[in-house]
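Source file: run26.csv. Holds: CSV, C-alpha atoms and all ligand atoms.
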```csv
chain,number,residue,atom,x,y,z
A,126,MET,CA,44.7,-28.3,-30.1
A,127,THR,CA,42.7,-29.2,-27.0
A,128,GLY,CA,41.5,-32.7,-26.8
A,129,SER,CA,37.9,-33.7,-25.9
A,130,LEU,CA,39.1,-35.3,-22.6
A,131,GLU,CA,41.5,-32.6,-21.4
A,132,GLY,CA,41.8,-32.6,-17.5
A,133,LYS,CA,40.0,-36.0,-17.2
A,134,VAL,CA,41.3,-39.2,-15.6
A,135,ALA,CA,40.4,-42.6,-17.0
A,136,PHE,CA,40.6,-46.0,-15.1
A,137,ILE,CA,41.1,-48.9,-17.6
A,138,THR,CA,41.3,-52.6,-16.8
A,139,GLY,CA,43.1,-55.0,-19.0
A,140,ALA,CA,45.3,-52.1,-20.1
A,141,ALA,CA,48.6,-53.9,-20.6
A,142,ARG,CA,47.9,-54.8,-24.3
A,143,GLY,CA,45.2,-55.3,-26.9
A,144,GLN,CA,42.1,-53.2,-26.8
A,145,GLY,CA,42.9,-51.9,-23.3
A,146,ARG,CA,46.3,-50.5,-24.3
A,147,SER,CA,44.7,-49.0,-27.4
A,148,HIS,CA,42.0,-47.3,-25.3
A,149,ALA,CA,44.7,-45.9,-23.0
A,150,ILE,CA,46.6,-44.3,-25.9
A,151,ARG,CA,43.5,-43.1,-27.7
A,152,LEU,CA,42.1,-41.4,-24.5
A,153,ALA,CA,45.5,-40.0,-23.7
A,154,GLU,CA,45.6,-38.5,-27.2
A,155,GLU,CA,42.4,-36.7,-26.2
A,156,GLY,CA,44.1,-35.3,-23.1
A,157,ALA,CA,43.1,-37.8,-20.4
A,158,ASP,CA,45.5,-39.1,-17.7
A,159,ILE,CA,45.3,-42.9,-17.2
A,160,ILE,CA,45.0,-45.4,-14.3
A,161,ALA,CA,46.0,-48.7,-16.0
A,162,VAL,CA,45.4,-52.0,-14.3
A,163,ASP,CA,46.2,-55.5,-15.6
A,164,VAL,CA,46.6,-59.0,-14.0
A,165,CYS,CA,50.0,-59.4,-15.7
A,166,ALA,CA,50.0,-63.1,-14.7
A,167,GLN,CA,48.6,-66.4,-16.1
A,168,ILE,CA,45.2,-67.7,-15.1
A,169,ASP,CA,45.5,-71.6,-15.1
A,170,THR,CA,42.4,-72.3,-17.2
A,171,VAL,CA,43.5,-69.9,-20.0
A,172,ARG,CA,45.8,-71.6,-22.5
A,173,TYR,CA,46.8,-68.5,-24.5
A,174,PRO,CA,49.3,-66.3,-22.7
A,175,LEU,CA,47.8,-63.3,-20.8
A,176,ALA,CA,49.7,-60.0,-20.6
A,177,THR,CA,53.0,-59.6,-18.8
A,178,ALA,CA,54.6,-56.8,-16.7
A,179,ASP,CA,56.6,-55.8,-19.8
A,180,ASP,CA,53.3,-55.3,-21.7
A,181,LEU,CA,52.0,-53.0,-19.0
A,182,ALA,CA,55.4,-51.1,-19.0
A,183,GLU,CA,54.9,-50.6,-22.8
A,184,THR,CA,51.5,-49.1,-22.2
A,185,VAL,CA,53.0,-46.7,-19.6
A,186,GLN,CA,55.8,-45.7,-22.0
A,187,GLN,CA,53.3,-45.1,-24.9
A,188,VAL,CA,51.0,-42.9,-22.8
A,189,ARG,CA,54.0,-40.9,-21.4
A,190,ALA,CA,55.3,-40.4,-24.9
A,191,LEU,CA,52.0,-38.5,-25.5
A,192,GLY,CA,52.8,-36.2,-22.6
A,193,ARG,CA,50.1,-37.6,-20.4
A,194,ARG,CA,50.5,-39.0,-16.9
A,195,ILE,CA,49.8,-42.7,-16.1
A,196,VAL,CA,49.6,-44.8,-12.9
A,197,ALA,CA,49.9,-48.5,-13.6
A,198,ARG,CA,49.2,-51.3,-11.1
A,199,GLU,CA,49.1,-55.1,-11.3
A,200,ALA,CA,45.7,-56.3,-10.0
A,201,ASP,CA,43.3,-59.1,-10.7
A,202,VAL,CA,39.8,-57.7,-11.3
A,203,ARG,CA,38.4,-60.7,-9.3
A,204,ASP,CA,40.1,-59.2,-6.2
A,205,GLY,CA,38.0,-56.2,-5.2
A,206,GLU,CA,40.3,-55.1,-2.4
A,207,THR,CA,43.5,-54.9,-4.6
A,208,LEU,CA,41.5,-53.2,-7.3
A,209,ARG,CA,40.2,-50.5,-4.9
A,210,ALA,CA,43.8,-50.0,-3.8
A,211,ALA,CA,45.0,-49.6,-7.4
A,212,VAL,CA,42.3,-47.0,-8.1
A,213,ALA,CA,43.0,-45.2,-4.9
A,214,ALA,CA,46.7,-45.0,-5.8
A,215,GLY,CA,45.8,-43.6,-9.2
A,216,ILE,CA,43.4,-41.0,-7.8
A,217,GLU,CA,46.0,-40.0,-5.1
A,218,GLU,CA,48.5,-39.2,-7.8
A,219,LEU,CA,46.3,-37.9,-10.6
A,220,GLY,CA,43.8,-36.0,-8.5
A,221,ARG,CA,40.4,-37.2,-9.7
A,222,LEU,CA,38.5,-39.8,-11.7
A,223,ASP,CA,36.0,-39.3,-14.6
A,224,ILE,CA,36.0,-42.3,-16.9
A,225,VAL,CA,35.9,-46.1,-16.2
A,226,LEU,CA,36.5,-48.8,-18.9
A,227,ALA,CA,35.8,-52.3,-17.7
A,228,ASN,CA,37.7,-54.0,-20.5
A,229,ALA,CA,39.6,-56.9,-18.9
A,230,GLY,CA,38.4,-60.3,-20.0
A,231,ILE,CA,39.4,-63.9,-20.7
A,232,ALA,CA,38.1,-66.5,-23.3
A,233,PRO,CA,39.4,-69.9,-22.3
A,234,PHE,CA,37.9,-71.8,-25.2
A,235,ASN,CA,39.7,-75.1,-24.6
A,236,LEU,CA,39.6,-78.3,-26.8
A,237,LYS,CA,40.2,-80.2,-23.5
A,238,PRO,CA,38.2,-78.3,-20.9
A,239,ARG,CA,40.1,-77.5,-17.7
A,240,ALA,CA,38.6,-77.6,-14.2
A,241,GLY,CA,37.5,-74.2,-13.0
A,242,GLU,CA,36.8,-72.6,-16.4
A,243,TRP,CA,33.3,-71.6,-15.4
A,244,ASP,CA,34.4,-70.0,-12.2
A,245,ASP,CA,37.3,-68.2,-13.8
A,246,VAL,CA,35.2,-66.7,-16.6
A,247,ILE,CA,32.4,-65.6,-14.4
A,248,GLY,CA,34.9,-64.3,-11.9
A,249,VAL,CA,36.8,-62.2,-14.5
A,250,ASN,CA,34.2,-61.3,-17.1
A,251,LEU,CA,31.2,-60.6,-14.8
A,252,THR,CA,32.3,-60.2,-11.1
A,253,GLY,CA,35.4,-58.4,-12.3
A,254,VAL,CA,33.3,-55.9,-14.2
A,255,TYR,CA,31.2,-55.4,-11.1
A,256,ASN,CA,34.3,-54.9,-9.0
A,257,THR,CA,35.7,-52.4,-11.5
A,258,VAL,CA,32.6,-50.2,-11.4
A,259,GLU,CA,32.3,-50.6,-7.6
A,260,ALA,CA,35.9,-49.5,-7.1
A,261,ALA,CA,35.2,-46.3,-9.0
A,262,LEU,CA,31.7,-45.3,-8.0
A,263,PRO,CA,32.3,-43.8,-4.6
A,264,THR,CA,34.8,-41.2,-6.1
A,265,LEU,CA,32.6,-40.4,-9.1
A,266,ILE,CA,29.6,-39.8,-6.8
A,267,GLU,CA,31.6,-37.8,-4.2
A,268,GLN,CA,33.1,-35.5,-6.9
A,269,GLY,CA,29.6,-34.6,-7.9
A,270,ASP,CA,30.2,-33.8,-11.5
A,271,GLY,CA,29.2,-37.0,-13.2
A,272,GLY,CA,31.2,-39.6,-15.0
A,273,ALA,CA,31.3,-42.0,-18.0
A,274,ILE,CA,31.6,-45.8,-17.7
A,275,VAL,CA,31.9,-48.2,-20.7
A,276,LEU,CA,31.7,-52.0,-20.2
A,277,THR,CA,33.2,-54.2,-23.0
A,278,GLY,CA,30.8,-56.9,-23.9
A,279,SER,CA,30.9,-59.0,-27.1
A,280,THR,CA,28.6,-60.2,-29.9
A,281,ALA,CA,28.2,-63.0,-27.4
A,282,SER,CA,26.4,-60.5,-25.2
A,283,LEU,CA,23.3,-60.8,-27.4
A,284,PHE,CA,23.5,-64.2,-29.1
A,285,GLY,CA,24.1,-67.8,-28.0
A,286,ILE,CA,27.5,-68.0,-29.6
A,287,GLY,CA,31.1,-68.4,-28.4
A,288,ALA,CA,32.2,-71.9,-27.8
A,289,ASN,CA,30.4,-75.1,-26.8
A,290,THR,CA,32.7,-75.7,-23.8
A,291,PRO,CA,32.4,-74.8,-20.1
A,292,GLY,CA,34.6,-71.7,-20.6
A,293,GLY,CA,32.7,-70.8,-23.8
A,294,ILE,CA,29.2,-71.1,-22.2
A,295,ALA,CA,30.4,-69.1,-19.2
A,296,TYR,CA,31.8,-66.4,-21.7
A,297,THR,CA,28.4,-66.1,-23.3
A,298,ALA,CA,26.6,-66.0,-19.9
A,299,ALA,CA,29.0,-63.5,-18.4
A,300,LYS,CA,28.8,-61.2,-21.5
A,301,HIS,CA,25.0,-61.3,-21.4
A,302,GLY,CA,25.2,-60.5,-17.7
A,303,LEU,CA,27.4,-57.6,-18.4
A,304,VAL,CA,24.5,-56.0,-20.3
A,305,GLY,CA,22.3,-56.4,-17.3
A,306,LEU,CA,25.0,-54.8,-15.1
A,307,MET,CA,25.3,-51.9,-17.6
A,308,ARG,CA,21.5,-51.3,-17.6
A,309,ALA,CA,21.2,-51.4,-13.8
A,310,TYR,CA,24.1,-49.1,-13.2
A,311,ALA,CA,22.8,-46.7,-16.0
A,312,ASN,CA,19.5,-46.6,-14.3
A,313,TYR,CA,20.6,-46.2,-10.7
A,314,GLN,CA,23.5,-43.9,-11.3
A,315,ALA,CA,21.7,-41.5,-13.7
A,316,GLU,CA,20.7,-39.2,-10.8
A,317,HIS,CA,24.5,-38.6,-10.3
A,318,SER,CA,24.9,-37.8,-14.1
A,319,ILE,CA,27.0,-41.0,-14.4
A,320,ARG,CA,26.5,-42.5,-17.8
A,321,VAL,CA,27.0,-46.2,-18.4
A,322,ASN,CA,27.1,-47.9,-21.8
A,323,ALA,CA,28.4,-51.1,-23.4
A,324,VAL,CA,30.4,-51.7,-26.6
A,325,LEU,CA,30.0,-55.1,-28.2
A,326,PRO,CA,32.8,-56.0,-30.5
A,327,SER,CA,32.9,-58.9,-33.0
A,328,GLY,CA,36.4,-60.4,-33.6
A,329,VAL,CA,39.2,-58.0,-32.8
A,330,ARG,CA,42.9,-58.4,-33.8
A,331,THR,CA,44.3,-59.1,-30.3
A,332,ASP,CA,46.2,-62.0,-28.7
A,333,MET,CA,42.9,-63.3,-27.4
A,334,VAL,CA,42.0,-64.3,-31.0
A,335,THR,CA,45.3,-64.4,-32.9
A,336,SER,CA,47.2,-66.6,-30.4
A,337,ARG,CA,48.2,-70.1,-31.6
A,338,GLU,CA,46.1,-71.7,-28.9
A,339,MET,CA,42.9,-69.8,-30.0
A,340,GLN,CA,43.6,-70.5,-33.7
A,341,GLU,CA,43.9,-74.2,-32.8
A,342,TYR,CA,40.4,-74.1,-31.2
A,343,VAL,CA,38.9,-72.2,-34.2
A,344,GLN,CA,40.4,-74.7,-36.7
A,345,ALA,CA,39.1,-77.7,-34.8
A,346,ASN,CA,35.6,-76.1,-34.8
A,347,GLU,CA,35.4,-74.9,-38.4
A,348,GLU,CA,31.7,-75.4,-38.7
A,349,GLN,CA,30.9,-73.1,-35.7
A,350,SER,CA,33.6,-70.6,-36.7
A,351,ARG,CA,32.2,-70.3,-40.2
A,352,LEU,CA,29.0,-68.8,-38.6
A,353,LEU,CA,31.1,-66.0,-37.0
A,354,VAL,CA,31.4,-63.8,-40.1
A,355,ASN,CA,30.9,-60.0,-40.3
A,356,ALA,CA,28.5,-58.4,-42.8
A,357,LEU,CA,31.0,-55.9,-43.9
A,358,PRO,CA,34.0,-57.4,-45.8
A,359,VAL,CA,36.5,-57.5,-42.9
A,360,ASP,CA,37.6,-60.5,-40.8
A,361,LEU,CA,38.9,-58.8,-37.7
A,362,LEU,CA,38.4,-55.2,-36.4
A,363,GLU,CA,41.4,-53.3,-35.1
A,364,PRO,CA,41.6,-52.3,-31.4
A,365,LEU,CA,41.4,-48.7,-32.5
A,366,ASP,CA,38.0,-49.2,-34.0
A,367,LEU,CA,36.7,-49.9,-30.4
A,368,SER,CA,38.8,-47.1,-28.9
A,369,ASN,CA,37.3,-44.6,-31.3
A,370,ALA,CA,33.7,-45.7,-30.3
A,371,ILE,CA,34.7,-45.5,-26.7
A,372,ALA,CA,36.3,-42.1,-27.1
A,373,PHE,CA,33.0,-40.8,-28.4
A,374,LEU,CA,30.9,-42.5,-25.6
A,375,VAL,CA,33.0,-41.0,-22.8
A,376,SER,CA,33.1,-37.5,-24.4
A,377,ASP,CA,30.7,-34.6,-23.8
A,378,ALA,CA,29.5,-35.2,-27.4
A,379,ALA,CA,27.6,-38.2,-25.9
A,380,ARG,CA,26.5,-36.4,-22.8
A,381,TYR,CA,22.9,-37.7,-23.0
A,382,VAL,CA,23.8,-41.2,-24.2
A,383,THR,CA,23.4,-43.7,-21.4
A,384,GLY,CA,22.1,-47.3,-21.1
A,385,VAL,CA,22.9,-48.3,-24.7
A,386,VAL,CA,24.5,-51.3,-26.2
A,387,MET,CA,26.7,-50.2,-29.1
A,388,PRO,CA,27.7,-53.0,-31.4
A,389,VAL,CA,31.0,-52.2,-33.1
A,390,ASP,CA,31.0,-55.4,-35.1
A,391,ALA,CA,31.1,-54.6,-38.9
A,392,GLY,CA,27.5,-55.6,-39.1
A,393,PHE,CA,27.9,-59.0,-37.5
A,394,SER,CA,24.7,-58.7,-35.5
A,395,ILE,CA,22.6,-57.7,-38.5
A,396,LYS,CA,23.1,-61.2,-39.9
A,397,HIS,CA,21.9,-63.0,-36.7
B,1,LIG,N1,39.4,-59.9,-29.3
B,1,LIG,C1,38.2,-60.2,-29.6
B,1,LIG,O1,37.9,-60.7,-30.7
B,1,LIG,C2,37.1,-59.8,-28.7
B,1,LIG,C3,35.8,-59.8,-29.2
B,1,LIG,C4,34.7,-59.4,-28.4
B,1,LIG,C5,35.0,-59.0,-27.1
B,1,LIG,N2,36.2,-59.0,-26.6
B,1,LIG,C6,36.5,-58.5,-25.3
B,1,LIG,O2,37.4,-57.4,-25.3
B,1,LIG,C7,38.0,-57.2,-24.1
B,1,LIG,C8,39.5,-57.0,-24.3
B,1,LIG,O3,40.1,-58.2,-24.9
B,1,LIG,P1,41.3,-58.1,-26.0
B,1,LIG,O4,40.6,-58.5,-27.3
B,1,LIG,O5,42.0,-56.8,-25.9
B,1,LIG,O6,42.2,-59.4,-25.5
B,1,LIG,P2,43.5,-59.5,-24.7
B,1,LIG,O7,43.7,-60.9,-24.2
B,1,LIG,O8,44.7,-59.0,-25.6
B,1,LIG,O9,43.4,-58.4,-23.6
B,1,LIG,C9,42.8,-58.7,-22.3
B,1,LIG,C10,43.6,-58.1,-21.2
B,1,LIG,O10,42.9,-58.4,-20.0
B,1,LIG,C11,43.9,-58.8,-19.0
B,1,LIG,N3,43.2,-59.6,-18.0
B,1,LIG,C12,42.7,-60.8,-18.1
B,1,LIG,N4,42.3,-61.3,-17.0
B,1,LIG,C13,42.4,-60.3,-16.1
B,1,LIG,C14,42.1,-60.1,-14.7
B,1,LIG,N5,41.6,-61.1,-14.0
B,1,LIG,N6,42.4,-59.0,-14.1
B,1,LIG,C15,43.0,-57.9,-14.8
B,1,LIG,N7,43.3,-58.0,-16.1
B,1,LIG,C16,43.0,-59.2,-16.7
B,1,LIG,C17,44.9,-59.6,-19.9
B,1,LIG,O11,46.1,-59.7,-19.2
B,1,LIG,C18,45.0,-58.7,-21.1
B,1,LIG,O12,46.0,-57.7,-21.0
B,1,LIG,C19,37.7,-58.5,-23.3
B,1,LIG,O13,36.7,-58.2,-22.3
B,1,LIG,C20,37.2,-59.4,-24.3
B,1,LIG,O14,36.3,-60.4,-23.8
B,1,LIG,C21,37.3,-59.3,-27.4
```
If you took the structure in this file and wrote it as structure tokens, what would it be?
Amino acid sequence: MTGSLEGKVAFITGAARGQGRSHAIRLAEEGADIIAVDVCAQIDTVRYPLATADDLAETVQQVRALGRRIVAREADVRDGETLRAAVAAGIEELGRLDIVLANAGIAPFNLKPRAGEWDDVIGVNLTGVYNTVEAALPTLIEQGDGGAIVLTGSTASLFGIGANTPGGIAYTAAKHGLVGLMRAYANYQAEHSIRVNAVLPSGVRTDMVTSREMQEYVQANEEQSRLLVNALPVDLLEPLDLSNAIAFLVSDAARYVTGVVMPVDAGFSIKH
């Protein structure tokens, strides 16, 4: 059976684990080849462990097991030059680029705030998204046959929620900013048939949320956390729930969908 993304190449940040790995597998199932990027190193202000080189190798193995090609590179989305080099290496090997998923993100919600939280979160969750799109746009435009970009926001893209700490406030600000980026790119790139959309998840079962460090924060802030409840009777979405929404948004079935924010949040936003 032919997949909906046969012959396409997708560039995914934060692809070593969690939602990013799930997107790589889901899009590979539809026939896409993958350019996978992850920092694979710790950022000092983040207490929960970020992904490792072994995690990225596992993504590579799982995509190859589906018979698809994958180029994986370690790069920090804050570093535009290294990111551009990673994308160039992927395009060199895989021949083209069609899809971009700006998924990498951090959520340093720390009980004892650490110096630099604001800069790190804005750097990764906002500037990193800008760098990701910018690294891909010249090729998408030059190829001349359009493209599909999805930015991963959060329920904190629309509401003043997250955490009342420097890292938490920055998370909410960056995720709001991501919607602005999405709208501007959707507007300015439409003439090139490049579509740009955002998915906004509520809580997803990944290390960002399930780690011991994040659970400590949640338990110490029970009153705030009690407000973060979905309408549908489910506590946490699975990464695949987001991957399925993204697989639709980047497919030709969504060929005239651009500039939209798509909550994938089990009705969280309907309650706020
Ligand atoms: N898990 C949730 O509940 C939830 C809810 C809403 C939105 N989100 C967003 O979903 C996205 C994916 O997160 P996840 O849930 O898979 O968490 P995760 O921590 O498992 O995955 C994030 C990935 O991004 C990578 N990364 C972090 N900083 C990076 C950098 N500077 N450069 C390159 N890679 C970097 C990490 O190593 C990790 O592999 C993030 O943007 C996050 O903000 C998550």
Problem set entry | Polymer residues at most 6 Å from (40.5, -50.0, -10.8) by all atoms listed in the file, as an MDAnalysis selection string | chainID A and resid 136 208:209 211:212 257 260
Exercise. For ligand LIG 1 (chain B), which of A:Leu361, A:Ala298, A:Val343, A:Ala311 is the closest residue, counting only C-alpha atoms and all ligand atoms?
Worked result: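 Residue with the minimum atom-to-atom distance to ligand LIG 1 (chain B): A:Leu361.
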Exercise. Counting only C-alpha atoms and all ligand atoms, which of A:Gly215, A:Pro358, A:Gly230, A:Gly272 gets nearest to ligand LIG 1 (chain B)?
Worked result: A:Gly230
Exercise. Residues at most 6 Å from ligand LIG 1 (chain B), using all atoms listed in the file? Could they come as a VMD selection string?
Worked result: chain A and resid 138 to 145 163 to 165 175 to 176 200 to 203 228 to 231 249 277 to 279 326 to 334
For this session: Would you please work out which residue, of A:Glu347, A:Glu154, A:Glu131, A:Asp169, is nearest to A:Arg239 when using all atoms listed in the file?
Result: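 Closest candidate: A:Asp169.
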For this session: Find the distance between atom CA of A:Val171 and atom CA of A:Val258 and write it in Å to one decimal.
Result: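 Rounded to one decimal, the two atoms are 24.1 Å apart.
The interatomic distance for the pair atom CA of A:Pro233 and atom CA of A:Thr207 works out to 23.6 Å.
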Exercise. How many Å lie between atom CA of A:Ile224 and atom CA of A:Tyr313, rounded to one decimal?
Worked result: 17.1 Å
Exercise. With all atoms listed in the file as the basis for distance, which of A:Tyr310, A:Tyr173, A:Phe284, A:Trp243 is at the shortest distance from A:Asn322?
Worked result: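 Of the candidates, the smallest distance to A:Asn322 is held by A:Tyr310.
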For this session: Select, from A:Ser129, A:Ser282, A:Ser318, A:Gln167, the residue with the minimum atom-to-atom distance to A:Tyr381, counting all atoms listed in the file.
Result: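 Of the candidates, the smallest distance to A:Tyr381 is held by A:Ser318.
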For this session: Would you list the contacts of stretch 382-386 of chain A as a ChimeraX atom specification, taking every protein, DNA or RNA residue within 12 Å and counting all atoms listed in the file, but skipping same-chain residues closer than 3 positions in sequence?
Result: /A:272-280,282-283,300-301,303-316,318-326,370-371,373-379,389-390,394
Problem set entry | Minimum-distance residue to A:Leu365, chosen among A:Ser147, A:Pro238, A:Ile168, A:Met387 (using all atoms listed in the file) |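 Using all atoms listed in the file, the shortest distance to A:Leu365 belongs to A:Ser147.
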Exercise. Leaving out A:Ala232 and any residue of its chain fewer than 5 positions from it, which residues lie within 10 Å of it when counting all atoms listed in the file, given as JSON, numbers by chain?
Worked result: {"A": [170, 171, 172, 173, 242, 245, 246, 249, 250, 287, 288, 292, 293, 295, 296, 297, 333, 334, 339]}
For the point (45.9, -39.1, -26.9) in file coordinates, what residues are within 9 Å, counting only C-alpha atoms? Give the answer as an mmCIF file with C-alpha atoms, in the frame of the given file?
```cif
data_model
loop_
_atom_site.group_PDB
_atom_site.id
_atom_site.type_symbol
_atom_site.label_atom_id
_atom_site.label_comp_id
_atom_site.auth_asym_id
_atom_site.auth_seq_id
_atom_site.Cartn_x
_atom_site.Cartn_y
_atom_site.Cartn_z
ATOM 1 C CA GLY A 128 41.500 -32.700 -26.800
ATOM 2 C CA LEU A 130 39.100 -35.300 -22.600
ATOM 3 C CA ALA A 149 44.700 -45.900 -23.000
ATOM 4 C CA ILE A 150 46.600 -44.300 -25.900
ATOM 5 C CA ARG A 151 43.500 -43.100 -27.700
ATOM 6 C CA LEU A 152 42.100 -41.400 -24.500
ATOM 7 C CA ALA A 153 45.500 -40.000 -23.700
ATOM 8 C CA GLU A 154 45.600 -38.500 -27.200
ATOM 9 C CA GLU A 155 42.400 -36.700 -26.200
ATOM 10 C CA GLY A 156 44.100 -35.300 -23.100
ATOM 11 C CA ALA A 157 43.100 -37.800 -20.400
ATOM 12 C CA VAL A 188 51.000 -42.900 -22.800
ATOM 13 C CA LEU A 191 52.000 -38.500 -25.500
ATOM 14 C CA GLY A 192 52.800 -36.200 -22.600
ATOM 15 C CA ARG A 193 50.100 -37.600 -20.400
#
```
Could you model N, CA and C atoms for stretch 274-285 of chain A and present them as a compact mmCIF listing (two decimals), keeping the file's coordinate frame?
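Saved as result_37.txt:
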```txt
# COMPACT_ATOMS: atom_id res chain seq x y z
N ILE A 274 31.09 -44.41 -17.91
CA ILE A 274 31.60 -45.80 -17.70
C ILE A 274 31.23 -46.56 -19.02
N VAL A 275 32.19 -47.32 -19.53
CA VAL A 275 31.90 -48.20 -20.70
C VAL A 275 32.35 -49.62 -20.33
N LEU A 276 31.43 -50.57 -20.49
CA LEU A 276 31.70 -52.00 -20.20
C LEU A 276 31.94 -52.65 -21.60
N THR A 277 32.98 -53.46 -21.71
CA THR A 277 33.20 -54.20 -23.00
C THR A 277 32.57 -55.53 -22.96
N GLY A 278 31.51 -55.65 -23.75
CA GLY A 278 30.80 -56.90 -23.90
C GLY A 278 31.39 -57.65 -25.12
N SER A 279 30.49 -58.17 -25.94
CA SER A 279 30.90 -59.00 -27.10
C SER A 279 29.63 -59.22 -27.92
N THR A 280 29.80 -59.68 -29.16
CA THR A 280 28.60 -60.20 -29.90
C THR A 280 27.96 -61.28 -29.08
N ALA A 281 28.75 -61.97 -28.24
CA ALA A 281 28.20 -63.00 -27.40
C ALA A 281 27.41 -62.43 -26.20
N SER A 282 27.25 -61.10 -26.16
CA SER A 282 26.40 -60.50 -25.20
C SER A 282 24.89 -60.60 -25.58
N LEU A 283 24.65 -60.82 -26.88
CA LEU A 283 23.30 -60.80 -27.40
C LEU A 283 22.86 -62.14 -28.02
N PHE A 284 23.83 -62.97 -28.38
CA PHE A 284 23.50 -64.20 -29.10
C PHE A 284 24.16 -65.41 -28.38
N GLY A 285 23.58 -66.59 -28.61
CA GLY A 285 24.10 -67.80 -28.00
C GLY A 285 25.28 -68.37 -28.73
```
